[in-house]
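**Student:** Structure file data.tsv (TSV, C-alpha atoms) is given on the next line.
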```tsv
chain	number	residue	atom	x	y	z
J	1	MET	CA	0.00	0.00	0.00
J	2	ALA	CA	1.57	3.27	-1.13
J	3	ILE	CA	0.85	6.21	1.18
J	4	SER	CA	1.38	9.58	-0.43
J	5	PHE	CA	3.08	12.25	1.66
J	6	THR	CA	2.36	15.91	0.94
J	7	SER	CA	5.86	17.24	1.51
J	8	SER	CA	6.40	20.70	2.96
J	9	GLU	CA	9.21	22.86	1.62
J	10	ARG	CA	9.66	24.57	5.00
J	11	PRO	CA	9.31	23.57	8.66
J	12	THR	CA	5.84	25.10	8.89
J	13	ILE	CA	3.90	24.48	12.08
J	14	GLY	CA	0.31	23.90	13.12
J	15	VAL	CA	-1.05	23.59	16.65
J	16	GLU	CA	-4.14	21.83	18.01
J	17	TRP	CA	-5.10	23.01	21.51
J	18	GLU	CA	-7.85	21.16	23.41
J	19	LEU	CA	-9.69	23.30	25.97
J	20	GLN	CA	-12.21	22.77	28.76
J	21	LEU	CA	-15.47	24.70	29.27
J	22	VAL	CA	-15.80	25.48	32.97
J	23	ASP	CA	-18.52	27.14	35.03
J	24	HIS	CA	-17.00	30.23	36.63
J	25	LYS	CA	-18.89	29.78	39.91
J	26	THR	CA	-19.01	26.02	40.46
J	27	ARG	CA	-15.69	25.18	38.71
J	28	HIS	CA	-17.39	22.15	37.15
J	29	LEU	CA	-17.36	21.38	33.45
J	30	ARG	CA	-20.24	22.67	31.33
J	31	GLN	CA	-21.63	20.74	28.37
J	32	GLU	CA	-21.77	23.69	25.99
J	33	ALA	CA	-19.51	22.83	23.07
J	34	HIS	CA	-22.40	22.43	20.65
J	35	GLU	CA	-23.83	25.84	21.59
J	36	LEU	CA	-20.42	27.50	21.39
J	37	LEU	CA	-19.70	26.16	17.92
J	38	ALA	CA	-23.19	27.17	16.77
J	39	ALA	CA	-22.57	30.71	18.04
J	40	LEU	CA	-19.36	30.95	15.97
J	41	PRO	CA	-20.27	29.45	12.58
J	42	ASP	CA	-17.47	31.28	10.78
J	43	LEU	CA	-14.95	29.45	12.99
J	44	SER	CA	-16.64	26.05	13.21
J	45	SER	CA	-17.89	25.35	9.70
J	46	GLY	CA	-17.43	26.24	6.06
J	47	SER	CA	-14.22	24.31	5.43
J	48	ALA	CA	-12.72	20.84	5.81
J	49	HIS	CA	-10.42	22.12	8.56
J	50	PRO	CA	-12.24	24.76	10.63
J	51	PRO	CA	-10.31	26.41	13.46
J	52	LEU	CA	-12.90	25.48	16.11
J	53	ARG	CA	-14.01	21.86	16.49
J	54	HIS	CA	-15.76	19.34	18.69
J	55	GLU	CA	-13.83	16.98	20.89
J	56	LEU	CA	-15.08	13.68	22.35
J	57	MET	CA	-16.93	15.36	25.24
J	58	GLN	CA	-19.40	18.25	25.07
J	59	SER	CA	-17.36	19.96	27.79
J	60	GLN	CA	-14.37	20.30	25.47
J	61	VAL	CA	-13.47	22.14	22.29
J	62	GLU	CA	-10.39	22.14	20.09
J	63	VAL	CA	-8.93	25.29	18.59
J	64	VAL	CA	-6.63	24.71	15.62
J	65	THR	CA	-4.26	27.04	13.81
J	66	GLY	CA	-3.81	27.31	10.09
J	67	ILE	CA	-0.48	26.55	8.45
J	68	CYS	CA	1.97	28.91	10.15
J	69	GLU	CA	5.53	29.85	9.30
J	70	THR	CA	6.57	30.79	12.83
J	71	VAL	CA	5.68	30.09	16.44
J	72	GLU	CA	4.70	33.74	16.85
J	73	GLU	CA	2.21	33.42	14.00
J	74	ALA	CA	0.73	30.28	15.55
J	75	LYS	CA	0.33	31.96	18.94
J	76	GLY	CA	-1.38	34.94	17.33
J	77	ASP	CA	-3.77	32.63	15.48
J	78	LEU	CA	-4.73	30.83	18.69
J	79	ASP	CA	-5.05	34.04	20.68
J	80	ARG	CA	-7.43	35.66	18.19
J	81	ASN	CA	-9.79	32.69	18.11
J	82	ILE	CA	-9.74	32.20	21.87
J	83	GLY	CA	-10.67	35.87	22.17
J	84	ARG	CA	-13.69	35.23	19.95
J	85	MET	CA	-14.68	32.29	22.14
J	86	ARG	CA	-14.42	34.36	25.31
J	87	GLU	CA	-16.78	36.98	23.88
J	88	VAL	CA	-19.45	34.29	23.57
J	89	LEU	CA	-18.70	32.43	26.80
J	90	HIS	CA	-18.41	35.35	29.22
J	91	PRO	CA	-22.15	36.21	29.29
J	92	TRP	CA	-22.86	32.51	29.92
J	93	GLY	CA	-20.69	32.49	33.05
J	94	THR	CA	-18.34	30.04	31.35
J	95	THR	CA	-14.56	30.26	31.32
J	96	LEU	CA	-11.81	28.35	29.53
J	97	THR	CA	-9.16	26.19	31.14
J	98	CYS	CA	-6.67	23.63	29.95
J	99	SER	CA	-5.03	20.77	31.81
J	100	GLY	CA	-4.46	17.12	30.98
J	101	THR	CA	-7.38	16.20	33.22
J	102	HIS	CA	-9.98	18.32	34.99
J	103	PRO	CA	-8.96	18.38	38.67
J	104	VAL	CA	-12.47	17.78	39.99
J	105	ASP	CA	-14.97	16.31	37.54
J	106	ASP	CA	-15.84	12.68	36.83
J	107	TRP	CA	-15.91	11.27	33.30
J	108	ARG	CA	-19.22	9.53	34.08
J	109	ASP	CA	-20.96	12.91	34.34
J	110	GLN	CA	-20.02	14.00	30.82
J	111	GLU	CA	-22.05	14.10	27.62
J	112	LEU	CA	-20.54	12.75	24.41
J	113	SER	CA	-20.33	15.06	21.42
J	114	PRO	CA	-22.51	14.34	18.40
J	115	GLY	CA	-20.96	12.75	15.37
J	116	GLU	CA	-20.63	9.33	13.83
J	117	ARG	CA	-16.89	9.22	14.46
J	118	TYR	CA	-17.28	9.57	18.23
J	119	GLY	CA	-20.11	7.05	18.36
J	120	GLU	CA	-18.03	4.49	16.50
J	121	LEU	CA	-15.06	5.11	18.78
J	122	VAL	CA	-17.11	4.50	21.92
J	123	ASP	CA	-18.82	1.48	20.38
J	124	GLN	CA	-15.45	-0.05	19.60
J	125	MET	CA	-13.47	0.94	22.69
J	126	GLN	CA	-16.27	1.04	25.27
J	127	TRP	CA	-14.99	2.03	28.74
J	128	LEU	CA	-11.56	2.94	27.39
J	129	ALA	CA	-13.13	5.68	25.24
J	130	ARG	CA	-15.86	6.79	27.66
J	131	ARG	CA	-13.33	7.78	30.30
J	132	ILE	CA	-11.18	9.95	27.97
J	133	LEU	CA	-11.96	13.17	29.82
J	134	THR	CA	-8.52	14.46	28.90
J	135	CYS	CA	-6.96	17.34	27.00
J	136	GLY	CA	-3.72	17.56	25.08
J	137	VAL	CA	-1.78	19.71	22.64
J	138	HIS	CA	-0.61	18.42	19.25
J	139	VAL	CA	2.11	20.16	17.26
J	140	HIS	CA	2.63	19.54	13.52
J	141	VAL	CA	5.95	20.40	11.87
J	142	GLY	CA	6.40	20.26	8.09
J	143	VAL	CA	8.94	17.84	6.60
J	144	ARG	CA	10.44	18.22	3.12
J	145	ASP	CA	10.75	14.54	2.16
J	146	ARG	CA	8.70	11.52	3.18
J	147	GLU	CA	11.90	9.44	3.45
J	148	LYS	CA	12.93	11.70	6.33
J	149	ALA	CA	9.68	11.23	8.25
J	150	VAL	CA	10.35	7.83	9.84
J	151	PRO	CA	13.98	8.55	10.88
J	152	ILE	CA	12.83	11.83	12.45
J	153	VAL	CA	10.00	10.07	14.32
J	154	ASN	CA	12.50	7.53	15.65
J	155	ALA	CA	14.86	10.28	16.79
J	156	LEU	CA	12.06	12.29	18.41
J	157	SER	CA	11.02	9.25	20.46
J	158	HIS	CA	14.07	9.92	22.64
J	159	TYR	CA	12.38	13.16	23.70
J	160	LEU	CA	9.02	11.76	24.79
J	161	PRO	CA	9.90	12.29	28.48
J	162	HIS	CA	11.09	15.83	27.73
J	163	PHE	CA	7.83	16.73	25.95
J	164	LEU	CA	5.70	15.13	28.66
J	165	ALA	CA	7.49	16.39	31.75
J	166	LEU	CA	7.52	20.02	30.61
J	167	SER	CA	3.78	19.93	29.86
J	168	ALA	CA	2.58	17.48	32.53
J	169	SER	CA	-0.61	18.96	33.96
J	170	SER	CA	-2.76	16.08	35.18
J	171	PRO	CA	-1.85	15.08	38.73
J	172	TYR	CA	-5.54	14.98	39.74
J	173	TRP	CA	-8.27	12.61	38.56
J	174	GLY	CA	-11.80	12.87	39.93
J	175	GLY	CA	-10.71	15.13	42.78
J	176	SER	CA	-7.90	12.87	44.01
J	177	ASP	CA	-4.13	13.15	43.65
J	178	THR	CA	-2.98	10.22	41.51
J	179	GLY	CA	0.65	10.49	42.58
J	180	LEU	CA	1.52	10.93	38.90
J	181	ALA	CA	2.69	14.00	37.03
J	182	SER	CA	0.50	12.97	34.08
J	183	ALA	CA	-2.57	10.81	34.63
J	184	ARG	CA	-3.62	11.69	31.08
J	185	SER	CA	-0.76	9.69	29.56
J	186	ILE	CA	-2.08	6.58	31.34
J	187	ILE	CA	-5.75	7.19	30.49
J	188	PHE	CA	-5.21	7.92	26.81
J	189	GLY	CA	-2.34	5.45	26.60
J	190	ALA	CA	-4.73	2.56	27.28
J	191	LEU	CA	-6.13	2.79	23.75
J	192	PRO	CA	-4.77	-0.10	21.67
J	193	THR	CA	-3.21	2.05	18.93
J	194	SER	CA	-1.77	4.73	21.22
J	195	GLY	CA	1.61	4.90	22.90
J	196	PRO	CA	5.18	5.27	21.59
J	197	PRO	CA	5.64	4.86	17.85
J	198	PRO	CA	7.05	1.54	16.61
J	199	ASN	CA	10.70	1.67	15.65
J	200	LEU	CA	10.59	1.27	11.86
J	201	PRO	CA	13.56	1.43	9.47
J	202	HIS	CA	12.08	3.49	6.63
J	203	TRP	CA	8.93	4.79	4.89
J	204	ARG	CA	8.22	1.55	3.07
J	205	ALA	CA	8.15	-0.28	6.41
J	206	PHE	CA	5.65	2.32	7.66
J	207	GLU	CA	3.43	1.65	4.65
J	208	GLU	CA	3.66	-2.12	5.17
J	209	TYR	CA	2.88	-1.80	8.89
J	210	LEU	CA	-0.20	0.35	8.27
J	211	GLU	CA	-1.35	-2.04	5.52
J	212	THR	CA	-1.09	-4.93	7.98
J	213	LEU	CA	-3.16	-3.07	10.59
J	214	LEU	CA	-5.83	-2.27	8.00
J	215	ARG	CA	-5.94	-5.84	6.70
J	216	ALA	CA	-6.24	-7.21	10.23
J	217	GLY	CA	-9.09	-4.83	11.03
J	218	THR	CA	-7.13	-3.23	13.88
J	219	ILE	CA	-7.78	0.18	12.31
J	220	ALA	CA	-10.23	1.42	9.69
J	221	SER	CA	-8.03	4.33	8.57
J	222	ILE	CA	-4.69	5.94	9.31
J	223	LYS	CA	-6.52	8.47	11.51
J	224	GLU	CA	-6.96	5.73	14.12
J	225	VAL	CA	-3.21	5.47	14.72
J	226	TRP	CA	-2.78	7.57	17.87
J	227	TRP	CA	0.94	7.21	18.48
J	228	ASP	CA	2.68	9.75	20.70
J	229	ILE	CA	4.54	10.88	17.57
J	230	ARG	CA	3.41	10.00	14.07
J	231	PRO	CA	3.86	11.00	10.44
J	232	HIS	CA	0.78	12.80	9.10
J	233	PRO	CA	0.89	12.03	5.36
J	234	ASP	CA	-2.01	14.31	4.33
J	235	PHE	CA	-0.41	17.36	5.94
J	236	GLY	CA	3.20	16.40	5.18
J	237	THR	CA	4.11	16.79	8.83
J	238	ILE	CA	5.46	15.07	11.89
J	239	GLU	CA	2.76	15.32	14.55
J	240	ILE	CA	3.96	15.37	18.16
J	241	ARG	CA	1.04	14.27	20.36
J	242	MET	CA	2.89	13.70	23.63
J	243	PHE	CA	2.08	17.03	25.29
J	244	ASP	CA	-0.41	17.10	28.16
J	245	GLY	CA	-3.05	19.83	28.16
J	246	ILE	CA	-1.09	23.09	28.35
J	247	PRO	CA	-2.58	25.85	30.55
J	248	THR	CA	-1.07	28.97	28.95
J	249	LEU	CA	-0.43	30.38	25.49
J	250	ARG	CA	3.19	31.06	26.36
J	251	GLU	CA	3.73	27.39	27.25
J	252	VAL	CA	2.03	26.35	24.00
J	253	GLY	CA	4.61	28.52	22.25
J	254	MET	CA	7.35	26.71	24.16
J	255	ALA	CA	6.03	23.32	23.02
J	256	ALA	CA	5.81	24.53	19.42
J	257	ALA	CA	9.33	25.98	19.53
J	258	LEU	CA	10.79	22.79	20.97
J	259	SER	CA	9.04	20.71	18.32
J	260	GLN	CA	9.92	22.92	15.37
J	261	SER	CA	13.56	23.26	16.45
J	262	LEU	CA	14.09	19.52	16.91
J	263	VAL	CA	12.49	18.59	13.59
J	264	GLU	CA	14.50	21.27	11.76
J	265	LEU	CA	17.72	20.13	13.41
J	266	PHE	CA	17.15	16.49	12.44
J	267	ASP	CA	16.10	17.46	8.91
J	268	HIS	CA	19.40	19.29	8.35
J	269	GLN	CA	21.42	16.50	9.94
J	270	LEU	CA	19.91	14.08	7.43
J	271	ASP	CA	20.84	16.48	4.62
J	272	ARG	CA	24.44	16.34	5.84
J	273	GLY	CA	24.43	12.56	5.76
J	274	TYR	CA	24.30	12.03	9.50
J	275	GLY	CA	22.49	9.07	11.02
J	276	LEU	CA	19.85	10.05	13.56
J	277	PRO	CA	19.54	8.42	17.00
J	278	SER	CA	17.06	5.56	17.23
J	279	PRO	CA	16.64	4.45	20.86
J	280	PRO	CA	15.55	0.88	21.63
J	281	PRO	CA	11.79	0.50	22.27
J	282	TRP	CA	12.34	-0.59	25.87
J	283	VAL	CA	14.23	2.64	26.58
J	284	VAL	CA	11.49	4.76	24.99
J	285	LYS	CA	8.77	2.97	26.98
J	286	ASP	CA	10.65	3.14	30.28
J	287	ASN	CA	11.49	6.83	29.85
J	288	LYS	CA	7.88	7.69	29.10
J	289	TRP	CA	6.80	5.99	32.31
J	290	ARG	CA	9.46	7.82	34.31
J	291	ALA	CA	8.17	11.19	33.08
J	292	THR	CA	4.56	10.08	33.65
J	293	ARG	CA	5.34	9.29	37.27
J	294	TYR	CA	8.01	11.79	38.27
J	295	GLY	CA	7.72	14.60	35.72
J	296	LEU	CA	10.74	16.87	35.71
J	297	ASP	CA	12.28	14.96	38.63
J	298	ALA	CA	12.68	11.80	36.54
J	299	ARG	CA	16.03	10.27	35.74
J	300	VAL	CA	15.97	9.24	32.08
J	301	ILE	CA	17.86	6.43	30.36
J	302	THR	CA	20.34	7.70	27.79
J	303	ASP	CA	21.64	4.49	26.20
J	304	ALA	CA	21.03	0.76	25.81
J	305	HIS	CA	23.33	0.05	28.77
J	306	GLY	CA	20.95	1.71	31.25
J	307	THR	CA	22.92	4.91	31.91
J	308	THR	CA	20.68	7.57	33.46
J	309	VAL	CA	20.82	11.34	33.92
J	310	PRO	CA	18.48	13.81	35.65
J	311	LEU	CA	15.88	14.97	33.14
J	312	ARG	CA	16.26	18.55	34.34
J	313	ASP	CA	19.97	18.51	33.44
J	314	ASP	CA	19.20	16.98	30.05
J	315	LEU	CA	16.64	19.70	29.33
J	316	TYR	CA	19.09	22.49	30.16
J	317	GLU	CA	21.57	20.90	27.76
J	318	LEU	CA	18.88	20.45	25.09
J	319	VAL	CA	17.96	24.14	25.19
J	320	ARG	CA	21.63	25.07	24.79
J	321	GLU	CA	21.96	22.71	21.82
J	322	LEU	CA	18.78	23.93	20.10
J	323	ARG	CA	19.21	27.66	20.65
J	324	PRO	CA	21.04	28.36	17.33
J	325	THR	CA	18.34	26.49	15.40
J	326	ALA	CA	15.59	28.26	17.34
J	327	ALA	CA	17.23	31.61	16.64
J	328	ARG	CA	17.18	30.93	12.88
J	329	LEU	CA	13.50	29.97	13.13
J	330	GLY	CA	12.64	33.05	15.19
J	331	CYS	CA	11.49	31.14	18.27
J	332	ALA	CA	14.49	31.39	20.63
J	333	GLU	CA	12.50	33.40	23.18
J	334	ASP	CA	9.75	30.76	23.18
J	335	LEU	CA	12.32	28.00	23.65
J	336	ASP	CA	13.89	29.84	26.58
J	337	LEU	CA	10.69	29.35	28.57
J	338	VAL	CA	11.94	25.80	29.17
J	339	SER	CA	14.49	27.20	31.59
J	340	GLU	CA	11.83	29.25	33.40
J	341	ILE	CA	9.59	26.19	33.76
J	342	LEU	CA	12.51	24.23	35.21
J	343	ASP	CA	13.03	27.00	37.79
J	344	LYS	CA	9.41	27.89	38.58
J	345	GLY	CA	7.56	24.61	38.03
J	346	ALA	CA	5.58	22.76	35.40
J	347	SER	CA	1.78	22.78	35.65
J	348	TYR	CA	1.54	19.62	37.76
J	349	GLU	CA	3.90	21.25	40.30
J	350	ARG	CA	1.99	24.54	40.28
J	351	GLN	CA	-1.30	22.71	40.82
J	352	ARG	CA	0.05	20.68	43.73
J	353	ALA	CA	1.49	23.83	45.28
J	354	VAL	CA	-2.06	25.24	45.57
J	355	VAL	CA	-3.17	22.21	47.61
J	356	ALA	CA	0.07	22.15	49.62
J	357	ASP	CA	-0.67	25.75	50.64
J	358	GLY	CA	-4.08	24.71	52.02
J	359	GLY	CA	-6.21	25.08	48.90
J	360	SER	CA	-8.61	22.57	47.36
J	361	THR	CA	-8.86	21.05	43.93
J	362	SER	CA	-11.52	23.67	43.18
J	363	ASP	CA	-8.87	26.29	43.90
J	364	VAL	CA	-6.67	24.47	41.37
J	365	VAL	CA	-9.39	25.08	38.76
J	366	ASP	CA	-9.25	28.79	39.64
J	367	LEU	CA	-5.49	28.74	39.09
J	368	LEU	CA	-5.88	27.08	35.68
J	369	ALA	CA	-8.50	29.64	34.63
J	370	ALA	CA	-6.27	32.51	35.76
J	371	GLU	CA	-3.28	31.08	33.91
J	372	LEU	CA	-5.16	30.73	30.65
J	373	ARG	CA	-6.49	34.29	30.98
J	374	SER	CA	-3.02	35.71	31.56
J	375	GLY	CA	-1.34	33.52	28.95
J	376	ASP	CA	1.79	33.34	31.14
J	377	PRO	CA	2.46	30.78	33.89
J	378	THR	CA	4.84	33.17	35.65
J	379	ARG	CA	2.33	36.02	36.01
J	380	ALA	CA	-1.08	34.50	36.62
J	381	VAL	CA	-2.88	35.40	39.83
J	382	SER	CA	-5.71	33.10	40.84
J	383	VAL	CA	-8.97	34.89	41.64
J	384	PRO	CA	-11.48	32.68	43.51
J	385	ALA	CA	-14.90	32.24	41.98
J	386	THR	CA	-17.71	34.31	43.49
```
Starting from the coordinates I provided, produce the structure as structure tokens.
**Tutor:**
Amino acid sequence: MAISFTSSERPTIGVEWELQLVDHKTRHLRQEAHELLAALPDLSSGSAHPPLRHELMQSQVEVVTGICETVEEAKGDLDRNIGRMREVLHPWGTTLTCSGTHPVDDWRDQELSPGERYGELVDQMQWLARRILTCGVHVHVGVRDREKAVPIVNALSHYLPHFLALSASSPYWGGSDTGLASARSIIFGALPTSGPPPNLPHWRAFEEYLETLLRAGTIASIKEVWWDIRPHPDFGTIEIRMFDGIPTLREVGMAAALSQSLVELFDHQLDRGYGLPSPPPWVVKDNKWRATRYGLDARVITDAHGTTVPLRDDLYELVRELRPTAARLGCAEDLDLVSEILDKGASYERQRAVVADGGSTSDVVDLLAAELRSGDPTRAVSVPAT
């Protein structure tokens, strides 16, 4: 089975940001996605890829950028459309938040979104799909040649713990502390075609693998392959799906900058004839778990012999290595937020700090709402609901 790949001449980016609809007073999720999309028809319809879309639950929406040249352009795109959403939601007493899981609400209280696709997913996956009350951020980066896609995916798999730990925002599930930095990675990771990408040698092997899954009936289309990182043939991109729900626009920019810089670096290394790293599957799987459990405090495995280093140290070194590439792409300032997050805390740490200071999980929701309003995790001030 030949799979065509719509190559991109430049490392363009696109961002998909899943958001929660939250009642300002009660802090509980509100099932208003259908009404919100109906109130903004110019954003939710009229094209094959509208910027505002349904997610699995009626308490969630997804805002999607167009094809952007820079991280700054992508952030501006998201900010404009979120502003439009706020204009509609404010009179309803509804606010927007984003985290990998809602700190308080139960998946059993949610309404499923309309649409044949979601009905088929729940029919097939049952409980595994019904409990996906989670949010994430997906970043697409354009790749110039399909033959580069699989080597770049393999190389990026080394950075699954880096992506996850920086964005981990789901320590709470149903009002309880899970002890994890990212409960979302466990909940979504239970789906049979999710998880780390398989280590494949080249594009032809990718085609053969997908053909086997289709023939076996494991998937009905390529869209049902939910790997943490995957080639997206229609868009001509590498799609990084490892990020937890990200609370602020500035952190979304950080995730986009990290993704774009890594893909661009690997693309140029292939042009120079370099071989890219391809970590063993057991290392990739173990490192993902370590970030899921310990977040930024994980020690990650760096080679097949079991050598480990503190993830925080590895991230500082990664920023130093990527800064020249980020500067050429115009996203060095966005990348530098990594260092601030290491100093001031990722979302899961900021959320737990609220409870450690005597607050409740409802107060955590207030923090998340304040952070999304401010767009900056270092400046948000939580204002309790009235």
**Student:** Kindly indicate which residue among J:Pro310, J:Gly174, J:Gly66, J:Pro279 lies nearest to Pro196 in chain J, using all atoms listed in the file for the distances.
**Tutor:**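 Closest to Pro196 in chain J, using all atoms listed in the file: J:Pro279.
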**Student:** Set out as a Markdown table a contact list for range 168-207 of chain J and range 82-98 of chain J with a cut-off of 12 Å, giving each residue of range 168-207 of chain J that qualifies its closest atom pair and distance in Å to one decimal, counting only C-alpha atoms, ordered by chain and rising residue number.
**Tutor:**
```
| residue | atom | partner | partner_atom | distance |
| --- | --- | --- | --- | --- |
| J:Ala168 | CA | J:Cys98 | CA | 11.4 |
| J:Ser169 | CA | J:Cys98 | CA | 8.6 |
| J:Ser170 | CA | J:Cys98 | CA | 10.0 |
```
**Student:** If we count only C-alpha atoms and set the cut-off at 10 Å, which residues sit around Pro377 in chain J, ignoring sequence neighbours fewer than 4 positions away in its own chain? Please answer as an MDAnalysis selection string.
**Tutor:** chainID J and resid 247:251 337 340:341 344:347 350 367:368 370:372 381
**Student:** In Å, with one decimal, what is the gap from CA of Met1 in chain J to CA of Pro277 in chain J?
**Tutor:**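 Going from CA of Met1 in chain J over to CA of Pro277 in chain J covers 27.2 Å.
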**Student:** What does the distance from CA of Glu62 in chain J to CA of Leu262 in chain J come to in Å, to one decimal?
**Tutor:**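 That distance, rounded to one decimal, is 24.8 Å.
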**Student:** Counting only C-alpha atoms, figure out which residue out of J:Ser7, J:Ile13, J:Trp282, J:Gly358 gets nearest to Leu329 in chain J.
**Tutor:**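 Once distances to Leu329 in chain J are computed over only C-alpha atoms, the minimum belongs to J:Ile13.
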**Student:** Within 10 Å of Ser99 in chain J, counting all atoms listed in the file, which residues show up once you throw out same-chain ones fewer than 3 positions away? Write them as an mmCIF file with C-alpha atoms, in the coordinates of the input, please.
**Tutor:**
```cif
data_model
loop_
_atom_site.group_PDB
_atom_site.id
_atom_site.type_symbol
_atom_site.label_atom_id
_atom_site.label_comp_id
_atom_site.auth_asym_id
_atom_site.auth_seq_id
_atom_site.Cartn_x
_atom_site.Cartn_y
_atom_site.Cartn_z
ATOM 1 C CA GLU J 18 -7.850 21.160 23.410
ATOM 2 C CA LEU J 19 -9.690 23.300 25.970
ATOM 3 C CA GLN J 20 -12.210 22.770 28.760
ATOM 4 C CA HIS J 102 -9.980 18.320 34.990
ATOM 5 C CA PRO J 103 -8.960 18.380 38.670
ATOM 6 C CA THR J 134 -8.520 14.460 28.900
ATOM 7 C CA CYS J 135 -6.960 17.340 27.000
ATOM 8 C CA GLY J 136 -3.720 17.560 25.080
ATOM 9 C CA VAL J 137 -1.780 19.710 22.640
ATOM 10 C CA SER J 167 3.780 19.930 29.860
ATOM 11 C CA ALA J 168 2.580 17.480 32.530
ATOM 12 C CA SER J 169 -0.610 18.960 33.960
ATOM 13 C CA SER J 170 -2.760 16.080 35.180
ATOM 14 C CA PRO J 171 -1.850 15.080 38.730
ATOM 15 C CA TYR J 172 -5.540 14.980 39.740
ATOM 16 C CA SER J 182 0.500 12.970 34.080
ATOM 17 C CA ARG J 184 -3.620 11.690 31.080
ATOM 18 C CA ASP J 244 -0.410 17.100 28.160
ATOM 19 C CA GLY J 245 -3.050 19.830 28.160
ATOM 20 C CA ILE J 246 -1.090 23.090 28.350
ATOM 21 C CA PRO J 247 -2.580 25.850 30.550
ATOM 22 C CA THR J 248 -1.070 28.970 28.950
ATOM 23 C CA SER J 347 1.780 22.780 35.650
ATOM 24 C CA TYR J 348 1.540 19.620 37.760
ATOM 25 C CA GLN J 351 -1.300 22.710 40.820
ATOM 26 C CA VAL J 365 -9.390 25.080 38.760
ATOM 27 C CA LEU J 368 -5.880 27.080 35.680
ATOM 28 C CA ALA J 369 -8.500 29.640 34.630
#
```
**Student:** From the options J:Asp376, J:Asp297, J:Glu69, J:Glu55, which residue's atoms come nearest to Ala181 in chain J, counting all atoms listed in the file?
**Tutor:**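 Among the listed residues, the smallest separation from Ala181 in chain J belongs to J:Asp297.
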**Student:** I'd like to know which of J:Leu315, J:Cys68, J:Ile187, J:Leu29 is closest to Asp109 in chain J, using all atoms listed in the file.
**Tutor:**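 Ranked by minimum distance to Asp109 in chain J, first place goes to J:Leu29.
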**Student:** Mind listing as JSON, numbers by chain all residues within 9 Å of (3.2, 4.7, 32.1), counting only C-alpha atoms?
**Tutor:** {"J": [182, 183, 185, 186, 189, 285, 286, 287, 288, 289, 290, 291, 292, 293]}
**Student:** Enter the distance from CA of Val15 in chain J to CA of Arg27 in chain J, in Å, rounded to one decimal.
**Tutor:**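 A separation of 26.5 Å between them.
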**Student:** Give me, as a count of residues only, all polymer residues having an atom no more than 12 Å from Ser259 in chain J, counting all atoms listed in the file and skipping those fewer than 3 positions away in the same chain.
**Tutor:** 48
**Student:** Is it possible to get the residues within 12 Å of (10.5, 9.3, 4.1) (coordinates as in the file, counting only C-alpha atoms) written as number ranges by chain?
**Tutor:** J: 2-7, 143-154, 200-207, 231-233, 236-238, 267, 270
**Student:** What's the 12 Å shell around Thr26 in chain J, counting all atoms listed in the file, without same-chain residues fewer than 3 positions away, as an mmCIF file with C-alpha atoms, in the frame of the given file?
**Tutor:**
```cif
data_model
loop_
_atom_site.group_PDB
_atom_site.id
_atom_site.type_symbol
_atom_site.label_atom_id
_atom_site.label_comp_id
_atom_site.auth_asym_id
_atom_site.auth_seq_id
_atom_site.Cartn_x
_atom_site.Cartn_y
_atom_site.Cartn_z
ATOM 1 C CA LEU J 21 -15.470 24.700 29.270
ATOM 2 C CA VAL J 22 -15.800 25.480 32.970
ATOM 3 C CA ASP J 23 -18.520 27.140 35.030
ATOM 4 C CA LEU J 29 -17.360 21.380 33.450
ATOM 5 C CA ARG J 30 -20.240 22.670 31.330
ATOM 6 C CA GLY J 93 -20.690 32.490 33.050
ATOM 7 C CA THR J 94 -18.340 30.040 31.350
ATOM 8 C CA THR J 95 -14.560 30.260 31.320
ATOM 9 C CA VAL J 104 -12.470 17.780 39.990
ATOM 10 C CA ASP J 105 -14.970 16.310 37.540
ATOM 11 C CA THR J 361 -8.860 21.050 43.930
ATOM 12 C CA SER J 362 -11.520 23.670 43.180
ATOM 13 C CA ASP J 363 -8.870 26.290 43.900
ATOM 14 C CA VAL J 365 -9.390 25.080 38.760
ATOM 15 C CA ASP J 366 -9.250 28.790 39.640
ATOM 16 C CA PRO J 384 -11.480 32.680 43.510
ATOM 17 C CA ALA J 385 -14.900 32.240 41.980
ATOM 18 C CA THR J 386 -17.710 34.310 43.490
#
```
**Student:** Nearest to Pro197 in chain J among J:Ser176, J:Asn81, J:Ser278, J:Gln58, with distances taken over only C-alpha atoms: which residue is it?
**Tutor:**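 The answer is J:Ser278, which sits nearest to Pro197 in chain J.
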**Student:** Can you work out which one of J:Ser47, J:Ser261, J:Thr101, J:Ser221 has the shortest atom-to-atom distance to Asp177 in chain J, counting all atoms listed in the file?
**Tutor:**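 Among the listed residues, the smallest separation from Asp177 in chain J belongs to J:Thr101.
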